[in-house]
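The structure file data-v7.cif is reproduced below (mmCIF, C-alpha atoms).
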data_target
loop_
_atom_site.label_atom_id
_atom_site.label_comp_id
_atom_site.auth_asym_id
_atom_site.auth_seq_id
_atom_site.Cartn_x
_atom_site.Cartn_y
_atom_site.Cartn_z
CA ALA A 1 -107.74 34.51 -177.94
CA MET A 2 -104.13 35.26 -178.96
CA THR A 3 -103.07 35.50 -175.29
CA HIS A 4 -104.57 32.08 -174.55
CA ARG A 5 -102.89 30.69 -177.65
CA THR A 6 -99.51 32.01 -176.47
CA LYS A 7 -100.12 30.52 -173.03
CA VAL A 8 -100.92 27.10 -174.55
CA GLU A 9 -97.79 27.24 -176.72
CA LEU A 10 -95.63 28.05 -173.67
CA GLU A 11 -97.18 25.18 -171.71
CA CYS A 12 -96.51 22.81 -174.62
CA LYS A 13 -92.93 24.03 -174.80
CA GLU A 14 -92.48 23.44 -171.06
CA LEU A 15 -93.92 19.92 -171.40
CA GLU A 16 -91.56 19.16 -174.28
CA GLU A 17 -88.58 20.38 -172.23
CA GLY A 18 -89.76 18.29 -169.26
CA ILE A 19 -90.07 15.21 -171.46
CA LYS A 20 -86.60 15.81 -172.91
CA THR A 21 -85.14 16.17 -169.40
CA GLY A 22 -86.95 12.99 -168.27
CA LYS A 23 -85.52 11.07 -171.24
CA ASP A 24 -82.00 12.27 -170.40
CA ILE A 25 -82.48 11.14 -166.77
CA ILE A 26 -83.72 7.74 -167.99
CA LYS A 27 -80.66 7.34 -170.23
CA ALA A 28 -78.36 8.22 -167.34
CA ASN A 29 -80.17 5.78 -165.02
CA LYS A 30 -79.98 3.04 -167.65
CA ARG A 31 -76.23 3.58 -167.97
CA LYS A 32 -75.87 3.50 -164.17
CA ILE A 33 -77.93 0.30 -163.95
CA GLU A 34 -75.81 -1.31 -166.67
CA GLU A 35 -72.65 -0.33 -164.77
CA LEU A 36 -74.06 -1.76 -161.53
CA ASN A 37 -75.06 -5.00 -163.28
CA VAL A 38 -71.56 -5.33 -164.71
CA GLU A 39 -70.02 -4.72 -161.28
CA ILE A 40 -72.40 -7.21 -159.65
CA ALA A 41 -71.51 -9.81 -162.25
CA LYS A 42 -67.82 -9.10 -161.67
CA VAL A 43 -68.13 -9.47 -157.88
CA THR A 44 -70.20 -12.65 -158.26
CA LYS A 45 -67.63 -14.11 -160.63
CA GLU A 46 -64.80 -13.25 -158.20
CA LEU A 47 -66.71 -14.94 -155.38
CA GLU A 48 -67.21 -18.03 -157.48
CA GLN A 49 -63.64 -18.16 -158.83
CA ASN A 50 -61.56 -16.97 -155.85
CA VAL A 51 -63.34 -16.94 -152.52
CA GLY A 52 -65.37 -20.11 -153.04
CA PRO A 53 -62.43 -22.37 -153.96
CA LYS A 54 -60.31 -20.87 -151.18
CA CYS A 55 -63.02 -21.52 -148.65
CA ASP A 56 -63.44 -25.10 -149.84
CA SER A 57 -59.67 -25.64 -149.77
CA ALA A 58 -59.38 -24.25 -146.23
CA ARG A 59 -62.24 -26.45 -145.08
CA GLU A 60 -60.57 -29.52 -146.57
CA THR A 61 -57.23 -28.56 -144.97
CA LEU A 62 -58.91 -28.15 -141.60
CA THR A 63 -60.58 -31.55 -141.89
CA HIS A 64 -57.29 -33.18 -142.88
CA THR A 65 -55.48 -31.54 -139.95
CA ILE A 66 -58.09 -32.71 -137.48
CA ASN A 67 -57.78 -36.24 -138.83
CA GLU A 68 -54.01 -36.15 -138.49
CA ARG A 69 -54.31 -34.83 -134.93
CA ASP A 70 -56.66 -37.70 -134.03
CA GLU A 71 -54.24 -40.22 -135.53
CA ALA A 72 -51.36 -38.70 -133.56
CA ARG A 73 -53.38 -38.89 -130.37
CA LYS A 74 -54.14 -42.55 -131.04
CA LYS A 75 -50.47 -43.24 -131.60
CA MET A 76 -49.59 -41.55 -128.31
CA GLU A 77 -52.17 -43.64 -126.52
CA GLY A 78 -50.74 -46.75 -128.12
CA LEU A 79 -47.25 -45.79 -126.98
CA TYR A 80 -48.44 -45.20 -123.43
CA ALA A 81 -50.09 -48.61 -123.52
CA LYS A 82 -46.78 -50.19 -124.42
CA GLN A 83 -45.09 -48.90 -121.28
CA GLY A 84 -45.90 -52.17 -119.53
CA ARG A 85 -44.19 -54.21 -122.16
CA GLY A 86 -40.81 -54.39 -120.51
CA GLN A 87 -39.74 -57.44 -122.48
CA GLN A 88 -39.15 -55.23 -125.59
CA PHE A 89 -36.29 -53.44 -123.85
CA ARG A 90 -33.27 -54.73 -121.95
CA ASN A 91 -34.06 -52.60 -118.93
CA LYS A 92 -36.39 -49.97 -117.67
CA ARG A 93 -34.00 -47.15 -118.48
CA ASP A 94 -33.88 -48.06 -122.15
CA ARG A 95 -37.64 -48.32 -122.28
CA ASP A 96 -38.13 -44.92 -120.62
CA ALA A 97 -35.56 -43.29 -122.86
CA HIS A 98 -37.29 -44.65 -125.92
CA LEU A 99 -40.73 -43.58 -124.70
CA ARG A 100 -39.50 -40.09 -123.84
CA ALA A 101 -38.03 -39.74 -127.31
CA GLN A 102 -41.27 -40.91 -128.85
CA ILE A 103 -43.32 -38.61 -126.64
CA LYS A 104 -41.11 -35.64 -127.50
CA GLU A 105 -41.41 -36.35 -131.20
CA LEU A 106 -45.16 -36.73 -130.94
CA ASN A 107 -45.45 -33.52 -128.90
CA GLU A 108 -43.49 -31.64 -131.53
CA THR A 109 -45.71 -33.10 -134.24
CA LYS A 110 -48.77 -32.21 -132.21
CA LYS A 111 -47.51 -28.66 -131.73
CA GLU A 112 -46.88 -28.26 -135.47
CA LYS A 113 -50.34 -29.62 -136.27
CA GLU A 114 -51.97 -27.33 -133.72
CA THR A 115 -50.09 -24.33 -135.12
CA PHE A 116 -51.17 -25.26 -138.64
CA LEU A 117 -54.72 -25.72 -137.36
CA VAL A 118 -54.72 -22.26 -135.76
CA HIS A 119 -53.43 -20.69 -138.99
CA SER A 120 -56.02 -22.58 -141.00
CA GLN A 121 -58.80 -21.44 -138.67
CA GLU A 122 -57.62 -17.82 -138.93
CA LYS A 123 -57.49 -18.10 -142.70
CA LEU A 124 -60.96 -19.60 -142.74
CA SER A 125 -62.23 -16.80 -140.48
CA ASN A 126 -60.74 -14.20 -142.83
CA LEU A 127 -62.36 -15.88 -145.81
CA ARG A 128 -65.69 -15.96 -144.01
CA ARG A 129 -65.42 -12.25 -143.21
CA SER A 130 -64.54 -11.55 -146.85
CA VAL A 131 -67.55 -13.55 -148.02
CA THR A 132 -69.78 -11.69 -145.55
CA THR A 133 -68.45 -8.30 -146.74
CA ASP A 134 -68.83 -9.21 -150.41
CA THR A 135 -72.32 -10.55 -149.77
CA SER A 136 -73.29 -7.34 -147.97
CA SER A 137 -71.90 -5.25 -150.83
CA LEU A 138 -73.74 -7.39 -153.35
CA GLU A 139 -77.01 -7.03 -151.44
CA LYS A 140 -76.52 -3.25 -151.23
CA LYS A 141 -75.88 -3.00 -154.95
CA THR A 142 -78.87 -5.23 -155.68
CA THR A 143 -81.04 -2.94 -153.54
CA ASP A 144 -79.65 0.08 -155.39
CA VAL A 145 -80.47 -1.53 -158.74
CA THR A 146 -84.01 -2.25 -157.53
CA LYS A 147 -84.45 1.39 -156.49
CA LYS A 148 -83.10 2.57 -159.84
CA ASN A 149 -85.50 0.27 -161.68
CA SER A 150 -88.40 1.59 -159.62
CA MET A 151 -87.34 5.17 -160.33
CA LEU A 152 -86.98 4.35 -164.01
CA GLU A 153 -90.49 2.90 -164.14
CA SER A 154 -91.84 5.98 -162.36
CA LEU A 155 -90.09 8.28 -164.84
CA CYS A 156 -91.39 6.28 -167.79
CA LYS A 157 -94.92 6.54 -166.40
CA SER A 158 -94.50 10.29 -165.84
CA ILE A 159 -93.20 10.75 -169.38
CA GLU A 160 -96.18 8.86 -170.78
CA GLU A 161 -98.55 11.09 -168.79
CA LYS A 162 -96.72 14.25 -169.90
CA THR A 163 -96.72 13.06 -173.50
CA LYS A 164 -100.46 12.41 -173.35
CA GLU A 165 -101.01 15.81 -171.74
CA ARG A 166 -98.91 17.46 -174.45
CA ASN A 167 -100.88 15.71 -177.19
CA ASP A 168 -104.16 16.72 -175.57
CA MET A 169 -103.00 20.33 -175.32
CA ALA A 170 -101.84 20.24 -178.95
CA GLU A 171 -105.29 19.04 -180.01
CA ALA A 172 -106.89 21.75 -177.86
CA ARG A 173 -104.60 24.34 -179.42
CA LYS A 174 -105.60 23.20 -182.93
CA GLU A 175 -109.25 23.44 -181.93
CA GLN A 176 -108.66 26.95 -180.56
CA TRP A 177 -106.93 27.93 -183.79
CA ARG A 178 -109.93 26.73 -185.76
CA SER A 179 -112.24 28.66 -183.43
CA LEU A 180 -110.02 31.74 -183.78
CA GLU A 181 -110.10 31.48 -187.57
CA GLU A 182 -113.89 31.20 -187.49
CA ILE A 183 -114.11 34.23 -185.19
CA ASN A 184 -111.78 36.19 -187.51
CA GLU A 185 -113.90 35.25 -190.49
CA GLN A 186 -117.05 36.31 -188.66
CA THR A 187 -115.36 39.56 -187.60
CA ASN A 188 -114.28 40.29 -191.17
CA GLU A 189 -117.76 39.54 -192.45
CA ALA A 190 -119.27 41.81 -189.79
CA ARG A 191 -116.75 44.56 -190.62
CA ASP A 192 -117.58 44.30 -194.33
CA ALA A 193 -121.27 44.36 -193.58
CA SER A 194 -120.80 47.41 -191.36
CA LYS A 195 -118.85 49.19 -194.11
CA ARG A 196 -121.57 48.40 -196.66
CA ALA A 197 -124.24 49.59 -194.28
CA LEU A 198 -122.40 52.86 -193.59
CA SER A 199 -121.87 53.36 -197.32
CA ASP A 200 -125.55 52.83 -198.00
CA MET A 201 -126.41 55.10 -195.07
CA ARG A 202 -124.24 57.95 -196.39
CA LYS A 203 -125.98 57.74 -199.73
CA ILE A 204 -129.33 58.60 -198.20
CA MET A 205 -128.24 61.17 -195.57
CA PRO A 206 -127.90 64.93 -196.21
CA ARG A 207 -124.54 66.06 -197.61
CA ALA A 208 -123.67 68.25 -194.61
CA THR A 209 -124.37 65.39 -192.22
CA ALA A 210 -122.20 63.01 -194.26
CA MET A 211 -119.30 65.49 -194.26
CA GLY A 212 -119.62 65.98 -190.52
CA LEU A 213 -119.65 62.25 -189.83
CA ASP A 214 -116.59 61.73 -192.05
CA ALA A 215 -114.68 64.39 -190.14
CA LEU A 216 -115.76 63.24 -186.66
CA THR A 217 -113.29 60.36 -186.47
CA ASN A 218 -110.29 62.64 -187.00
CA ILE A 219 -111.69 65.30 -184.68
CA VAL A 220 -112.23 62.78 -181.87
CA GLU A 221 -108.60 61.66 -182.18
CA GLU A 222 -107.24 65.21 -182.37
CA GLU A 223 -109.30 66.38 -179.39
CA ARG A 224 -108.28 63.23 -177.47
CA ILE A 225 -111.88 62.34 -176.72
CA VAL A 226 -112.09 58.83 -175.27
CA VAL A 227 -114.19 56.50 -177.44
CA GLY A 228 -116.57 54.44 -175.34
CA GLU A 229 -116.44 56.89 -172.42
CA GLN A 230 -117.01 60.34 -173.96
CA TYR A 231 -117.89 59.52 -177.58
CA PHE A 232 -120.24 56.63 -178.44
CA GLY A 233 -120.86 57.08 -182.18
CA LEU A 234 -124.16 57.39 -184.05
CA LEU A 235 -127.54 56.68 -182.51
CA LEU A 236 -127.98 54.13 -185.28
CA GLN A 237 -124.83 52.30 -184.14
CA ASN A 238 -125.99 52.17 -180.52
CA MET A 239 -129.38 50.52 -181.08
CA GLU A 240 -130.49 47.10 -182.25
CA ILE A 241 -133.85 46.15 -183.70
CA THR A 242 -134.60 42.58 -182.64
CA ASN A 243 -137.51 42.17 -185.08
CA PRO A 244 -136.82 43.09 -188.73
CA LYS A 245 -140.47 44.02 -189.35
CA PHE A 246 -140.01 47.20 -187.28
CA GLU A 247 -137.01 48.48 -189.24
CA THR A 248 -139.02 50.52 -191.72
CA ALA A 249 -141.22 52.02 -188.99
CA VAL A 250 -138.16 53.07 -187.00
CA GLU A 251 -136.48 54.62 -190.07
CA VAL A 252 -139.63 56.61 -190.94
CA ALA A 253 -140.21 57.75 -187.35
CA ALA A 254 -136.61 58.63 -186.54
CA GLN A 255 -135.49 59.83 -189.97
CA ASN A 256 -132.30 61.94 -189.68
CA SER A 257 -132.25 61.51 -185.89
CA LEU A 258 -130.64 58.15 -186.50
CA PHE A 259 -127.50 60.03 -187.56
CA HIS A 260 -127.22 62.01 -184.36
CA VAL A 261 -124.05 61.47 -182.35
CA ILE A 262 -124.15 60.28 -178.73
CA VAL A 263 -121.69 61.87 -176.26
CA ASP A 264 -121.41 61.88 -172.48
CA THR A 265 -121.92 65.58 -171.68
CA ASP A 266 -122.87 68.90 -173.28
CA HIS A 267 -119.25 69.99 -172.92
CA THR A 268 -118.11 67.19 -175.21
CA ALA A 269 -120.87 68.04 -177.69
CA ALA A 270 -119.82 71.70 -177.67
CA ARG A 271 -116.18 70.75 -178.38
CA LEU A 272 -117.22 68.71 -181.39
CA MET A 273 -119.62 71.36 -182.73
CA LYS A 274 -116.99 74.03 -182.35
CA ARG A 275 -114.50 72.08 -184.43
CA LEU A 276 -117.07 71.25 -187.09
CA GLU A 277 -118.08 74.93 -187.44
CA LYS A 278 -114.49 76.15 -187.29
CA ASP A 279 -113.32 73.80 -190.04
CA ARG A 280 -116.62 74.12 -191.98
CA LEU A 281 -117.02 70.36 -192.05
CA GLY A 282 -120.77 70.25 -191.71
CA ARG A 283 -122.87 69.43 -188.67
#

Would you mind writing the file's structure down as structure tokens?
Amino acid sequence: AMTHRTKVELECKELEEGIKTGKDIIKANKRKIEELNVEIAKVTKELEQNVGPKCDSARETLTHTINERDEARKKMEGLYAKQGRGQQFRNKRDRDAHLRAQIKELNETKKEKETFLVHSQEKLSNLRRSVTTDTSSLEKKTTDVTKKNSMLESLCKSIEEKTKERNDMAEARKEQWRSLEEINEQTNEARDASKRALSDMRKIMPRATAMGLDALTNIVEEERIVVGEQYFGLLLQNMEITNPKFETAVEVAAQNSLFHVIVDTDHTAARLMKRLEKDRLGR
């Protein structure tokens, strides 16, 4: 019973250590989740404050540039249409010189607008890549938080199960303690009853037999005779009367034979008799 009790106590101790470890892991996961949430909020805020406005600004710039390019193209077309209006110039050379100057100016303007457009498109592409990267990072962190939450729920469930198991084992241990106390009480009562019975038995047995029985315990130990294998005690101790109404008949029929000692062989009996006679302890 004590071995089982020790085993139950060790199992309870292991469960308590497991629960403590699980709680520490939960605390660490909660801190990690809080850190991830803070980082996600930070990235989201940066996207809203920095990348979003930049993207909108680049889109507006691109639209404005395209509009300006279209206006410039219309102006060039208008200038080409005016080539037939010779009456505005004194001669053809003046008209051509003026048109060439206008065309050169418009080409330079067009080139500047196209260069600005290319830069704007590159900037917009970079912003789009940045948004894509940030979005991918945000999704990855969101997935990580989801996994952590799932793990946290699993740990909480495991801790609840371990706590229930620990409580059940504690209740079982209390019940085993109560059973052990009852068994100890019964053992003590049986031991007291056995002592009373032996005391009453010695009162009615011959003096020499009583002396011999008192000395047998020490002799068995000194001779190193194994109890339960070589020495089995009195005949009275090795029999049980199931019906109390036969007790008197057995006592009358057996008389002093009830105080005979049971051993395994004649050799063991001779060793005991020799010591009893040598020490004059009775027989």

Name every residue that the PyMOL selection byres ((chain A and resi 215) around 12) selects in this structure, writing the answer as a PDB file with C-alpha atoms, keeping the file's coordinate frame with chains first and numbers rising.
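Saved result, selection-v5.pdb, follows:
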ATOM      1  CA  ALA A 208    -123.670  68.250-194.610  1.00  0.00           C
ATOM      2  CA  THR A 209    -124.370  65.390-192.220  1.00  0.00           C
ATOM      3  CA  ALA A 210    -122.200  63.010-194.260  1.00  0.00           C
ATOM      4  CA  MET A 211    -119.300  65.490-194.260  1.00  0.00           C
ATOM      5  CA  GLY A 212    -119.620  65.980-190.520  1.00  0.00           C
ATOM      6  CA  LEU A 213    -119.650  62.250-189.830  1.00  0.00           C
ATOM      7  CA  ASP A 214    -116.590  61.730-192.050  1.00  0.00           C
ATOM      8  CA  LEU A 216    -115.760  63.240-186.660  1.00  0.00           C
ATOM      9  CA  THR A 217    -113.290  60.360-186.470  1.00  0.00           C
ATOM     10  CA  ASN A 218    -110.290  62.640-187.000  1.00  0.00           C
ATOM     11  CA  ILE A 219    -111.690  65.300-184.680  1.00  0.00           C
ATOM     12  CA  VAL A 220    -112.230  62.780-181.870  1.00  0.00           C
ATOM     13  CA  GLU A 221    -108.600  61.660-182.180  1.00  0.00           C
ATOM     14  CA  GLU A 222    -107.240  65.210-182.370  1.00  0.00           C
ATOM     15  CA  LEU A 272    -117.220  68.710-181.390  1.00  0.00           C
ATOM     16  CA  MET A 273    -119.620  71.360-182.730  1.00  0.00           C
ATOM     17  CA  ARG A 275    -114.500  72.080-184.430  1.00  0.00           C
ATOM     18  CA  LEU A 276    -117.070  71.250-187.090  1.00  0.00           C
ATOM     19  CA  GLU A 277    -118.080  74.930-187.440  1.00  0.00           C
ATOM     20  CA  ASP A 279    -113.320  73.800-190.040  1.00  0.00           C
ATOM     21  CA  ARG A 280    -116.620  74.120-191.980  1.00  0.00           C
ATOM     22  CA  LEU A 281    -117.020  70.360-192.050  1.00  0.00           C
ATOM     23  CA  GLY A 282    -120.770  70.250-191.710  1.00  0.00           C
ATOM     24  CA  ARG A 283    -122.870  69.430-188.670  1.00  0.00           C
TER      25      ARG A 283
END

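Closest approach to A:Ser136 among A:Asn37, A:Thr44, A:Asn256, A:Ser154: A:Thr44, based on all atoms listed in the file.
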
Exercise for the section: Could you tell me which of A:Asp134, A:Glu16, A:Glu139, A:Asp96 comes closest to A:Lys45 if we count only C-alpha atoms? Expected result: A:Asp134

Problem - the PyMOL selection byres ((chain A and resi 109) around 12) applied to the shown file, residues as a VMD selection string - result: chain A and resid 65 68 to 73 75 to 76 102 to 108 110 to 116

Practice task
Between atom CA of A:Ser158 and atom CA of A:Lys141, measure the distance and give it in Å to one decimal.
Solution key: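 Distance between the two atoms: 25.3 Å.
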
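In this structure, atom CA of A:Gly22 sits 25.5 Å away from atom CA of A:Glu39.
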
Problem - Nearest to A:Glu35, chosen from A:Met151, A:Ala170, A:Leu117, A:Val145, with only C-alpha atoms counted in the distances - result: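 Ranking A:Met151, A:Ala170, A:Leu117, A:Val145 by distance to A:Glu35, first place goes to A:Val145.
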
Practice task
Go through A:Glu189, A:Leu124, A:Glu171, A:Ile225 and flag the residue nearest A:Pro53, using all atoms listed in the file for the distances.
Solution key: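 Comparing A:Glu189, A:Leu124, A:Glu171, A:Ile225 against A:Pro53, the winner is A:Leu124.
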
Handout entry: Nearest to A:Arg129 by atom-to-atom distance, counting all atoms listed in the file, from A:Lys148, A:Arg191, A:Cys55, A:Arg90
Key = A:Cys55

Give me, as a PDB file with C-alpha atoms, in the frame of the given file, all polymer residues having an atom no more than 9 Å from A:Cys12, counting only C-alpha atoms and skipping those fewer than 2 positions away in the same chain.
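Contents of the output file selection02.pdb:
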ATOM      1  CA  LYS A   7    -100.120  30.520-173.030  1.00  0.00           C
ATOM      2  CA  VAL A   8    -100.920  27.100-174.550  1.00  0.00           C
ATOM      3  CA  GLU A   9     -97.790  27.240-176.720  1.00  0.00           C
ATOM      4  CA  LEU A  10     -95.630  28.050-173.670  1.00  0.00           C
ATOM      5  CA  GLU A  14     -92.480  23.440-171.060  1.00  0.00           C
ATOM      6  CA  LEU A  15     -93.920  19.920-171.400  1.00  0.00           C
ATOM      7  CA  GLU A  16     -91.560  19.160-174.280  1.00  0.00           C
ATOM      8  CA  GLU A  17     -88.580  20.380-172.230  1.00  0.00           C
ATOM      9  CA  GLU A 165    -101.010  15.810-171.740  1.00  0.00           C
ATOM     10  CA  ARG A 166     -98.910  17.460-174.450  1.00  0.00           C
ATOM     11  CA  ASN A 167    -100.880  15.710-177.190  1.00  0.00           C
ATOM     12  CA  MET A 169    -103.000  20.330-175.320  1.00  0.00           C
ATOM     13  CA  ALA A 170    -101.840  20.240-178.950  1.00  0.00           C
TER      14      ALA A 170
END

Practice task
Identify which of the residues A:Ile33, A:Lys274, A:Arg207, A:Lys20 lies closest to A:Ser150, counting only C-alpha atoms when measuring atom-to-atom distances.
Solution key: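 Among A:Ile33, A:Lys274, A:Arg207, A:Lys20, it is A:Ile33 that comes nearest to A:Ser150.
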
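For the pair atom CA of A:Gln230 and atom CA of A:Val263, the separation is 5.4 Å.
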